[in-house]
$ cat coords-v7.txt   # compact mmCIF, C-alpha atoms
# COMPACT_ATOMS: atom_id res chain seq x y z
CA ARG A 1 0.00 0.00 0.00
CA ASN A 2 3.05 2.32 0.15
CA MET A 3 4.79 1.69 -3.15
CA ARG A 4 7.31 3.96 -4.81
CA SER A 5 8.95 3.51 -8.18
CA PRO A 6 9.72 5.52 -11.31
CA LEU A 7 6.48 4.21 -12.77
CA VAL A 8 4.45 5.37 -9.76
CA LEU A 9 6.17 8.76 -9.88
CA ALA A 10 5.26 9.03 -13.56
CA VAL A 11 1.64 8.29 -12.69
CA ALA A 12 1.77 10.98 -10.01
CA LEU A 13 3.13 13.47 -12.54
CA VAL A 14 0.20 12.71 -14.82
CA LEU A 15 -2.48 12.73 -12.12
CA ALA A 16 -1.23 15.62 -10.01
CA PRO A 17 -3.48 18.67 -10.30
CA ALA A 18 -2.20 21.49 -12.49
CA GLU A 19 -1.81 23.69 -9.43
CA CYS A 20 1.03 21.47 -8.29
CA PHE A 21 3.12 22.84 -11.10
CA THR A 22 2.07 26.48 -11.03
CA ALA A 23 1.03 28.32 -7.89
CA ALA A 24 -0.39 27.56 -4.47
CA GLY A 25 -3.47 25.37 -4.70
CA THR A 26 -3.60 21.64 -4.19
CA GLY A 27 0.15 21.67 -3.69
CA ALA A 28 -0.19 24.23 -0.92
CA ALA A 29 -2.75 22.06 0.82
CA ILE A 30 -0.32 19.16 0.78
CA THR A 31 2.71 21.06 2.00
CA GLY A 32 1.01 23.56 4.29
CA ARG A 33 2.69 26.52 2.57
CA SER A 34 0.98 29.42 0.80
CA GLN A 35 3.73 30.72 -1.45
CA VAL A 36 4.20 29.80 -5.10
CA GLN A 37 5.44 26.20 -5.37
CA ARG A 38 8.40 24.88 -7.29
CA ARG A 39 7.64 22.93 -10.44
CA GLY A 40 8.68 19.34 -11.03
CA PRO A 41 8.98 15.90 -9.45
CA LYS A 42 9.43 17.13 -5.88
CA LEU A 43 5.91 18.53 -5.78
CA ALA A 44 4.51 15.55 -7.63
CA MET A 45 5.97 13.39 -4.86
CA GLY A 46 4.07 15.58 -2.39
CA PHE A 47 0.89 14.71 -4.24
CA LEU A 48 1.94 11.07 -4.20
CA GLU A 49 2.44 11.14 -0.43
CA ASN A 50 -1.08 12.46 -0.01
CA ILE A 51 -2.25 9.24 -1.66
CA PHE A 52 0.24 6.62 -0.48
CA GLY A 53 1.68 8.21 2.66
CA PRO A 54 5.21 9.29 3.51
CA PRO A 55 8.26 7.09 2.92
CA PRO A 56 8.61 4.46 5.67
CA SER A 57 11.02 5.47 8.42
CA ALA A 58 13.91 3.24 9.40
CA GLU A 59 12.77 3.06 13.02
CA ILE A 60 9.61 3.87 14.94
CA ASP A 61 9.89 6.41 17.75
CA TYR A 62 7.54 4.75 20.23
CA GLY A 63 7.85 7.60 22.70
CA ALA A 64 6.48 10.04 20.13
CA LEU A 65 3.28 8.10 19.42
CA THR A 66 -0.05 9.59 20.44
CA GLY A 67 -1.35 8.58 23.85
CA LEU A 68 -4.62 8.49 25.72
CA PRO A 69 -7.32 9.63 25.49
CA ASP A 70 -6.83 9.84 21.72
CA SER A 71 -4.91 6.62 21.06
CA ALA A 72 -3.61 3.51 22.80
CA ALA A 73 -0.41 3.62 20.75
CA LEU A 74 1.87 5.28 23.30
CA GLU A 75 0.94 2.84 26.06
CA ALA A 76 1.13 -0.14 23.72
CA GLY A 77 4.65 0.89 22.76
CA LYS A 78 5.69 1.02 26.41
CA HIS A 79 4.39 -2.49 26.98
CA ALA A 80 6.14 -3.87 23.90
CA LEU A 81 9.48 -2.30 24.81
CA ALA A 82 9.14 -3.82 28.30
CA GLY A 83 8.38 -7.26 26.84
CA ALA A 84 4.95 -7.22 28.45
CA VAL A 85 1.63 -8.62 27.23
CA PRO A 86 -0.80 -7.20 29.79
CA ALA A 87 -4.45 -8.15 30.18
CA LYS A 88 -5.39 -4.67 31.37
CA SER A 89 -4.37 -1.14 30.49
CA GLU A 90 -2.74 1.18 32.99
CA ASP A 91 -6.20 2.63 33.68
CA GLY A 92 -7.66 -0.81 34.33
CA TYR A 93 -9.48 -1.39 31.06
CA ALA A 94 -9.50 -4.81 29.40
CA ILE A 95 -7.26 -5.31 26.37
CA ALA A 96 -8.12 -7.31 23.25
CA THR A 97 -6.10 -7.84 20.06
CA PHE A 98 -7.54 -8.68 16.65
CA ALA A 99 -6.28 -9.02 13.09
CA GLY A 100 -8.57 -8.62 10.12
CA GLY A 101 -6.57 -7.71 7.04
CA CYS A 102 -5.62 -4.09 6.38
CA PHE A 103 -5.67 -2.44 9.78
CA TRP A 104 -6.96 0.96 8.60
CA GLY A 105 -10.58 -0.11 8.16
CA ILE A 106 -10.82 -2.44 11.11
CA GLU A 107 -9.54 0.25 13.49
CA LEU A 108 -12.31 2.63 12.49
CA ALA A 109 -14.92 -0.12 12.95
CA TYR A 110 -13.80 -0.63 16.55
CA GLN A 111 -13.41 3.08 17.27
CA ARG A 112 -17.14 3.41 16.66
CA VAL A 113 -18.13 0.81 19.27
CA PRO A 114 -19.59 2.20 22.53
CA GLY A 115 -17.46 0.88 25.37
CA VAL A 116 -14.23 0.91 23.36
CA ILE A 117 -12.00 3.39 25.14
CA ALA A 118 -9.04 3.58 22.76
CA THR A 119 -7.44 1.73 19.86
CA CYS A 120 -4.15 1.51 18.02
CA VAL A 121 -2.88 -0.43 15.03
CA GLY A 122 0.33 -2.39 14.91
CA TYR A 123 2.08 -5.67 14.31
CA THR A 124 1.91 -8.92 16.31
CA GLN A 125 2.64 -12.66 16.23
CA GLY A 126 6.02 -12.13 14.55
CA GLN A 127 9.61 -13.14 15.21
CA THR A 128 11.37 -9.76 15.22
CA SER A 129 11.41 -6.78 17.56
CA LYS A 130 10.46 -3.22 16.63
CA PRO A 131 9.08 -4.14 13.19
CA THR A 132 8.33 -1.40 10.70
CA TYR A 133 5.63 -1.33 8.08
CA LYS A 134 8.21 -1.81 5.35
CA GLU A 135 9.61 -4.92 7.05
CA VAL A 136 6.21 -6.44 7.82
CA SER A 137 5.10 -5.84 4.24
CA THR A 138 7.79 -8.22 2.97
CA GLY A 139 6.12 -11.09 4.84
CA SER A 140 9.49 -12.13 6.26
CA THR A 141 8.95 -11.09 9.90
CA GLY A 142 5.92 -13.30 10.56
CA HIS A 143 3.83 -10.40 11.87
CA THR A 144 0.24 -9.73 10.97
CA GLU A 145 -1.32 -6.29 10.77
CA ALA A 146 -3.41 -6.04 13.92
CA LEU A 147 -5.49 -3.83 16.15
CA GLN A 148 -5.29 -3.47 19.91
CA VAL A 149 -8.39 -2.37 21.77
CA PHE A 150 -8.78 -0.97 25.29
CA TYR A 151 -12.39 -1.57 26.30
CA ASP A 152 -14.76 -1.43 29.26
CA PRO A 153 -16.24 -4.94 29.71
CA LYS A 154 -19.14 -3.42 31.62
CA ALA A 155 -20.16 -1.55 28.46
CA VAL A 156 -19.20 -4.04 25.74
CA ASP A 157 -18.34 -7.71 26.13
CA PHE A 158 -15.57 -9.63 24.41
CA GLU A 159 -18.07 -11.74 22.44
CA ALA A 160 -19.45 -8.61 20.78
CA LEU A 161 -15.94 -7.54 19.78
CA VAL A 162 -15.31 -10.97 18.26
CA LEU A 163 -18.57 -10.83 16.31
CA LEU A 164 -17.56 -7.44 14.94
CA LEU A 165 -14.35 -8.99 13.65
CA GLN A 166 -16.36 -11.78 12.05
CA SER A 167 -18.50 -9.21 10.25
CA ARG A 168 -15.38 -7.58 8.77
CA ILE A 169 -13.62 -10.70 7.46
CA ASN A 170 -14.07 -13.97 5.61
CA PRO A 171 -12.70 -16.41 8.22
CA THR A 172 -12.05 -19.04 5.53
CA GLU A 173 -9.47 -16.89 3.72
CA ILE A 174 -5.91 -17.85 4.61
CA ASN A 175 -3.10 -15.30 4.44
CA ARG A 176 -5.25 -12.72 2.74
CA SER A 177 -8.18 -10.38 3.18
CA GLY A 178 -9.99 -9.54 0.00
CA ALA A 179 -7.52 -8.10 -2.49
CA ASP A 180 -4.74 -7.81 0.12
CA VAL A 181 -2.62 -10.96 -0.05
CA GLY A 182 0.20 -12.08 2.24
CA THR A 183 0.79 -13.56 5.68
CA GLN A 184 0.63 -10.03 7.11
CA TYR A 185 -3.07 -9.94 6.20
CA ARG A 186 -4.14 -13.14 7.98
CA SER A 187 -6.96 -12.79 10.48
CA GLY A 188 -6.74 -13.65 14.14
CA ILE A 189 -8.06 -13.35 17.67
CA TYR A 190 -5.15 -13.02 20.09
CA CYS A 191 -6.26 -13.59 23.64
CA HIS A 192 -4.94 -11.86 26.75
CA THR A 193 -6.77 -14.02 29.32
CA ASP A 194 -8.01 -17.58 29.71
CA GLU A 195 -11.56 -16.26 29.57
CA GLN A 196 -10.94 -14.57 26.22
CA LEU A 197 -9.34 -17.74 24.87
CA THR A 198 -12.32 -19.87 25.93
CA LYS A 199 -14.75 -17.47 24.28
CA ALA A 200 -12.68 -17.22 21.10
CA GLU A 201 -12.46 -21.00 20.79
CA LYS A 202 -16.23 -21.26 21.28
CA TRP A 203 -16.73 -18.67 18.52
CA ARG A 204 -14.56 -20.77 16.18
CA MET A 205 -16.53 -23.94 16.95
CA ASP A 206 -19.84 -22.12 16.48
CA ALA A 207 -18.67 -20.66 13.16
CA ARG A 208 -17.70 -24.13 11.93
CA ALA A 209 -21.05 -25.60 12.98
CA SER A 210 -23.15 -22.76 11.61
CA GLY A 211 -23.09 -23.94 8.01
CA ARG A 212 -22.53 -20.34 6.95
CA TYR A 213 -19.08 -21.03 5.55
CA LYS A 214 -18.12 -23.59 2.92
CA GLY A 215 -14.43 -23.70 3.75
CA GLU A 216 -12.42 -24.35 6.91
CA ILE A 217 -12.32 -21.59 9.54
CA VAL A 218 -8.69 -20.48 9.40
CA THR A 219 -8.84 -17.35 11.54
CA GLU A 220 -6.13 -17.81 14.16
CA VAL A 221 -7.11 -18.19 17.81
CA LYS A 222 -3.99 -17.85 19.92
CA ARG A 223 -2.52 -16.37 23.04
CA ALA A 224 -1.61 -12.73 22.58
CA GLY A 225 2.04 -11.99 21.96
CA LEU A 226 4.01 -8.77 21.89
CA PHE A 227 2.11 -6.06 20.09
CA TRP A 228 4.30 -3.45 18.39
CA PRO A 229 2.36 -0.28 17.51
CA ALA A 230 2.69 0.90 13.94
CA GLU A 231 4.03 4.20 12.74
CA GLU A 232 2.08 7.31 13.80
CA TYR A 233 1.05 7.80 10.18
CA HIS A 234 -1.03 4.61 10.29
CA GLN A 235 -2.81 5.39 13.57
CA GLN A 236 -6.47 6.37 13.03
CA TYR A 237 -5.61 6.72 9.38
CA LEU A 238 -9.18 6.95 8.08
CA VAL A 239 -10.20 9.53 10.68
CA LYS A 240 -7.29 11.64 9.44
CA GLY A 241 -8.60 11.45 5.89
CA GLY A 242 -7.03 8.36 4.37
CA ARG A 243 -5.55 8.43 0.89
CA MET A 244 -8.06 10.85 -0.53
CA GLY A 245 -8.14 13.33 2.32
CA ARG A 246 -11.78 12.58 3.17
CA ALA A 247 -12.06 12.17 6.93
CA GLN A 248 -14.43 9.48 8.18
CA SER A 249 -16.34 9.62 11.44
CA ALA A 250 -15.32 7.64 14.51
CA ALA A 251 -18.39 8.75 16.45
CA LYS A 252 -19.80 6.07 18.72
CA GLY A 253 -22.62 4.21 17.02
CA CYS A 254 -21.84 5.66 13.60
CA GLU A 255 -23.12 3.35 10.85
CA GLU A 256 -21.69 5.10 7.79
CA GLU A 257 -19.99 2.78 5.33
CA ILE A 258 -16.26 2.50 5.96
CA ARG A 259 -14.12 3.30 2.95
CA CYS A 260 -11.15 1.05 3.74
CA TYR A 261 -8.55 3.16 1.94
CA GLY A 262 -10.12 6.54 2.42
$ encode --input "coords-v7.txt" --output "structure tokens"
Amino acid sequence: RNMRSPLVLAVALVLAPAECFTAAGTGAAITGRSQVQRRGPKLAMGFLENIFGPPPSAEIDYGALTGLPDSAALEAGKHALAGAVPAKSEDGYAIATFAGGCFWGIELAYQRVPGVIATCVGYTQGQTSKPTYKEVSTGSTGHTEALQVFYDPKAVDFEALVLLLQSRINPTEINRSGADVGTQYRSGIYCHTDEQLTKAEKWRMDARASGRYKGEIVTEVKRAGLFWPAEEYHQQYLVKGGRMGRAQSAAKGCEEEIRCYG
């Protein structure tokens, strides 16, 4: 989802609005400046970044991630760096971890759930520490794109969160989610407590027995492992506007269709 090549740059040069090559307009909106812009590939790359995002950084600064009440990313980073897989947040909320393909859309779905306190996207179930998006995208680290949720079990139960995941995925698809293919897009329920594990295993058995699916249920049900939050750019990506700069609502109870890429 974050490709760069001479071909992509050429496409950007063709698609970039004319203002990018003349005066402040779309280019100014991208760069945040009001003066006349320089012509050429540099500005076209600015347009490209508005679609595909900035170049991946070599290392994630976990201490610079957004924290509560806006995001769980800062706290999740602290736990990962400490080698911890807690069942509760520092404020005492329950923690759940899910994977359901591209993490942009699934995060927004959970942000809208009453009782969900905070969310963050990241990488889990892999073999390396401090993974970046670029590394995970190769499929060589073993991580899957995932979502961590801080929630109030008095307001929303774990079963409801699992059913939301089910509604967002095809649990018979292995190492893919729709058009996104690779081990990093496999689905999973990663449990932080014995109770969560019992409920997740029951969900899997019920899904198999329901007759709703023709294939085998391949969604992973495992113990939670280290969860490494993703780059700040990916956090609440669709609320920020996504690729097209069209912000989507995270209001509780919102039922608007989620545009997975913006």
$ closest_residue --input "coords-v7.txt" --among "A:Ala64, A:Leu226, A:Leu163, A:Ala118" --to "Leu81 (chain A)" --atoms "all atoms listed in the file"
A:Leu226
$ residues_around --input "coords-v7.txt" --residues "Asp70 (chain A)" --least-positions-apart "3" --cutoff "10 Å" --atoms "all atoms listed in the file" --output "NGL selection string"
:A and (66-67 or 73-74 or 117-120 or 236)
$ residues_around --input "coords-v7.txt" --residues "region 182-195 of chain A" --least-positions-apart "4" --cutoff "8 Å" --atoms "only C-alpha atoms" --output "PyMOL selection string"
chain A and resi 85-87+95-102+136-137+139+142-145+162+169+171+173-177+199-200+218-225
$ closest_residue --input "coords-v7.txt" --among "A:Arg168, A:Lys154, A:Lys240, A:Arg208" --to "Pro114 (chain A)" --atoms "only C-alpha atoms"
A:Lys154
$ atom_distance --input "coords-v7.txt" --atom1 "CA of Thr124 (chain A)" --atom2 "CA of Phe227 (chain A)"
4.7 Å
$ atom_distance --input "coords-v7.txt" --atom1 "CA of Phe103 (chain A)" --atom2 "CA of Ala76 (chain A)"
15.7 Å
$ residues_around --input "coords-v7.txt" --residues "Cys260 (chain A)" --least-positions-apart "5" --cutoff "9 Å" --atoms "all atoms listed in the file" --output "MDAnalysis selection string"
chainID A and resid 102:106 108 238 242
$ decode --input "coords-v7.txt" --residues "region 100-206 of chain A" --atoms "C-alpha atoms" --output "PDB file, in the first residue's frame"
ATOM      1  CA  GLY A 100      -8.570  -8.615  10.119  1.00  0.00           C
ATOM      2  CA  GLY A 101      -6.574  -7.710   7.045  1.00  0.00           C
ATOM      3  CA  CYS A 102      -5.623  -4.095   6.379  1.00  0.00           C
ATOM      4  CA  PHE A 103      -5.670  -2.436   9.777  1.00  0.00           C
ATOM      5  CA  TRP A 104      -6.960   0.955   8.600  1.00  0.00           C
ATOM      6  CA  GLY A 105     -10.584  -0.113   8.165  1.00  0.00           C
ATOM      7  CA  ILE A 106     -10.817  -2.442  11.108  1.00  0.00           C
ATOM      8  CA  GLU A 107      -9.538   0.246  13.485  1.00  0.00           C
ATOM      9  CA  LEU A 108     -12.312   2.626  12.490  1.00  0.00           C
ATOM     10  CA  ALA A 109     -14.916  -0.117  12.954  1.00  0.00           C
ATOM     11  CA  TYR A 110     -13.799  -0.633  16.547  1.00  0.00           C
ATOM     12  CA  GLN A 111     -13.412   3.076  17.268  1.00  0.00           C
ATOM     13  CA  ARG A 112     -17.142   3.406  16.661  1.00  0.00           C
ATOM     14  CA  VAL A 113     -18.129   0.809  19.274  1.00  0.00           C
ATOM     15  CA  PRO A 114     -19.589   2.198  22.530  1.00  0.00           C
ATOM     16  CA  GLY A 115     -17.456   0.881  25.369  1.00  0.00           C
ATOM     17  CA  VAL A 116     -14.228   0.914  23.359  1.00  0.00           C
ATOM     18  CA  ILE A 117     -11.999   3.395  25.135  1.00  0.00           C
ATOM     19  CA  ALA A 118      -9.040   3.579  22.758  1.00  0.00           C
ATOM     20  CA  THR A 119      -7.435   1.729  19.864  1.00  0.00           C
ATOM     21  CA  CYS A 120      -4.155   1.512  18.016  1.00  0.00           C
ATOM     22  CA  VAL A 121      -2.879  -0.427  15.026  1.00  0.00           C
ATOM     23  CA  GLY A 122       0.329  -2.391  14.911  1.00  0.00           C
ATOM     24  CA  TYR A 123       2.079  -5.675  14.309  1.00  0.00           C
ATOM     25  CA  THR A 124       1.907  -8.916  16.310  1.00  0.00           C
ATOM     26  CA  GLN A 125       2.642 -12.663  16.233  1.00  0.00           C
ATOM     27  CA  GLY A 126       6.016 -12.129  14.555  1.00  0.00           C
ATOM     28  CA  GLN A 127       9.614 -13.139  15.215  1.00  0.00           C
ATOM     29  CA  THR A 128      11.365  -9.761  15.223  1.00  0.00           C
ATOM     30  CA  SER A 129      11.407  -6.777  17.558  1.00  0.00           C
ATOM     31  CA  LYS A 130      10.459  -3.215  16.630  1.00  0.00           C
ATOM     32  CA  PRO A 131       9.084  -4.136  13.193  1.00  0.00           C
ATOM     33  CA  THR A 132       8.328  -1.398  10.700  1.00  0.00           C
ATOM     34  CA  TYR A 133       5.629  -1.330   8.076  1.00  0.00           C
ATOM     35  CA  LYS A 134       8.211  -1.807   5.349  1.00  0.00           C
ATOM     36  CA  GLU A 135       9.607  -4.918   7.054  1.00  0.00           C
ATOM     37  CA  VAL A 136       6.214  -6.442   7.819  1.00  0.00           C
ATOM     38  CA  SER A 137       5.097  -5.844   4.241  1.00  0.00           C
ATOM     39  CA  THR A 138       7.786  -8.223   2.970  1.00  0.00           C
ATOM     40  CA  GLY A 139       6.116 -11.090   4.842  1.00  0.00           C
ATOM     41  CA  SER A 140       9.491 -12.126   6.263  1.00  0.00           C
ATOM     42  CA  THR A 141       8.948 -11.092   9.900  1.00  0.00           C
ATOM     43  CA  GLY A 142       5.922 -13.300  10.555  1.00  0.00           C
ATOM     44  CA  HIS A 143       3.829 -10.405  11.868  1.00  0.00           C
ATOM     45  CA  THR A 144       0.238  -9.734  10.970  1.00  0.00           C
ATOM     46  CA  GLU A 145      -1.321  -6.290  10.775  1.00  0.00           C
ATOM     47  CA  ALA A 146      -3.411  -6.040  13.919  1.00  0.00           C
ATOM     48  CA  LEU A 147      -5.486  -3.834  16.149  1.00  0.00           C
ATOM     49  CA  GLN A 148      -5.286  -3.473  19.906  1.00  0.00           C
ATOM     50  CA  VAL A 149      -8.391  -2.371  21.774  1.00  0.00           C
ATOM     51  CA  PHE A 150      -8.784  -0.972  25.290  1.00  0.00           C
ATOM     52  CA  TYR A 151     -12.392  -1.572  26.296  1.00  0.00           C
ATOM     53  CA  ASP A 152     -14.756  -1.429  29.257  1.00  0.00           C
ATOM     54  CA  PRO A 153     -16.236  -4.939  29.709  1.00  0.00           C
ATOM     55  CA  LYS A 154     -19.140  -3.417  31.619  1.00  0.00           C
ATOM     56  CA  ALA A 155     -20.157  -1.555  28.460  1.00  0.00           C
ATOM     57  CA  VAL A 156     -19.205  -4.042  25.745  1.00  0.00           C
ATOM     58  CA  ASP A 157     -18.337  -7.707  26.127  1.00  0.00           C
ATOM     59  CA  PHE A 158     -15.571  -9.632  24.405  1.00  0.00           C
ATOM     60  CA  GLU A 159     -18.068 -11.737  22.442  1.00  0.00           C
ATOM     61  CA  ALA A 160     -19.452  -8.609  20.779  1.00  0.00           C
ATOM     62  CA  LEU A 161     -15.942  -7.540  19.781  1.00  0.00           C
ATOM     63  CA  VAL A 162     -15.313 -10.972  18.262  1.00  0.00           C
ATOM     64  CA  LEU A 163     -18.573 -10.835  16.308  1.00  0.00           C
ATOM     65  CA  LEU A 164     -17.558  -7.440  14.941  1.00  0.00           C
ATOM     66  CA  LEU A 165     -14.349  -8.989  13.655  1.00  0.00           C
ATOM     67  CA  GLN A 166     -16.362 -11.780  12.049  1.00  0.00           C
ATOM     68  CA  SER A 167     -18.503  -9.208  10.255  1.00  0.00           C
ATOM     69  CA  ARG A 168     -15.383  -7.583   8.773  1.00  0.00           C
ATOM     70  CA  ILE A 169     -13.623 -10.703   7.455  1.00  0.00           C
ATOM     71  CA  ASN A 170     -14.075 -13.969   5.608  1.00  0.00           C
ATOM     72  CA  PRO A 171     -12.698 -16.406   8.217  1.00  0.00           C
ATOM     73  CA  THR A 172     -12.053 -19.036   5.531  1.00  0.00           C
ATOM     74  CA  GLU A 173      -9.466 -16.885   3.722  1.00  0.00           C
ATOM     75  CA  ILE A 174      -5.910 -17.846   4.609  1.00  0.00           C
ATOM     76  CA  ASN A 175      -3.100 -15.301   4.441  1.00  0.00           C
ATOM     77  CA  ARG A 176      -5.246 -12.722   2.738  1.00  0.00           C
ATOM     78  CA  SER A 177      -8.176 -10.382   3.184  1.00  0.00           C
ATOM     79  CA  GLY A 178      -9.987  -9.538  -0.001  1.00  0.00           C
ATOM     80  CA  ALA A 179      -7.523  -8.096  -2.485  1.00  0.00           C
ATOM     81  CA  ASP A 180      -4.738  -7.809   0.122  1.00  0.00           C
ATOM     82  CA  VAL A 181      -2.618 -10.961  -0.045  1.00  0.00           C
ATOM     83  CA  GLY A 182       0.197 -12.077   2.238  1.00  0.00           C
ATOM     84  CA  THR A 183       0.793 -13.556   5.675  1.00  0.00           C
ATOM     85  CA  GLN A 184       0.634 -10.035   7.113  1.00  0.00           C
ATOM     86  CA  TYR A 185      -3.069  -9.938   6.198  1.00  0.00           C
ATOM     87  CA  ARG A 186      -4.138 -13.135   7.981  1.00  0.00           C
ATOM     88  CA  SER A 187      -6.963 -12.793  10.480  1.00  0.00           C
ATOM     89  CA  GLY A 188      -6.745 -13.652  14.136  1.00  0.00           C
ATOM     90  CA  ILE A 189      -8.057 -13.351  17.671  1.00  0.00           C
ATOM     91  CA  TYR A 190      -5.150 -13.022  20.092  1.00  0.00           C
ATOM     92  CA  CYS A 191      -6.263 -13.590  23.642  1.00  0.00           C
ATOM     93  CA  HIS A 192      -4.939 -11.855  26.750  1.00  0.00           C
ATOM     94  CA  THR A 193      -6.772 -14.018  29.316  1.00  0.00           C
ATOM     95  CA  ASP A 194      -8.005 -17.576  29.715  1.00  0.00           C
ATOM     96  CA  GLU A 195     -11.565 -16.258  29.566  1.00  0.00           C
ATOM     97  CA  GLN A 196     -10.940 -14.571  26.216  1.00  0.00           C
ATOM     98  CA  LEU A 197      -9.339 -17.744  24.875  1.00  0.00           C
ATOM     99  CA  THR A 198     -12.316 -19.871  25.929  1.00  0.00           C
ATOM    100  CA  LYS A 199     -14.753 -17.475  24.281  1.00  0.00           C
ATOM    101  CA  ALA A 200     -12.685 -17.219  21.096  1.00  0.00           C
ATOM    102  CA  GLU A 201     -12.461 -20.999  20.786  1.00  0.00           C
ATOM    103  CA  LYS A 202     -16.227 -21.256  21.279  1.00  0.00           C
ATOM    104  CA  TRP A 203     -16.725 -18.669  18.523  1.00  0.00           C
ATOM    105  CA  ARG A 204     -14.565 -20.767  16.183  1.00  0.00           C
ATOM    106  CA  MET A 205     -16.535 -23.936  16.954  1.00  0.00           C
ATOM    107  CA  ASP A 206     -19.844 -22.123  16.480  1.00  0.00           C
TER     108      ASP A 206
END
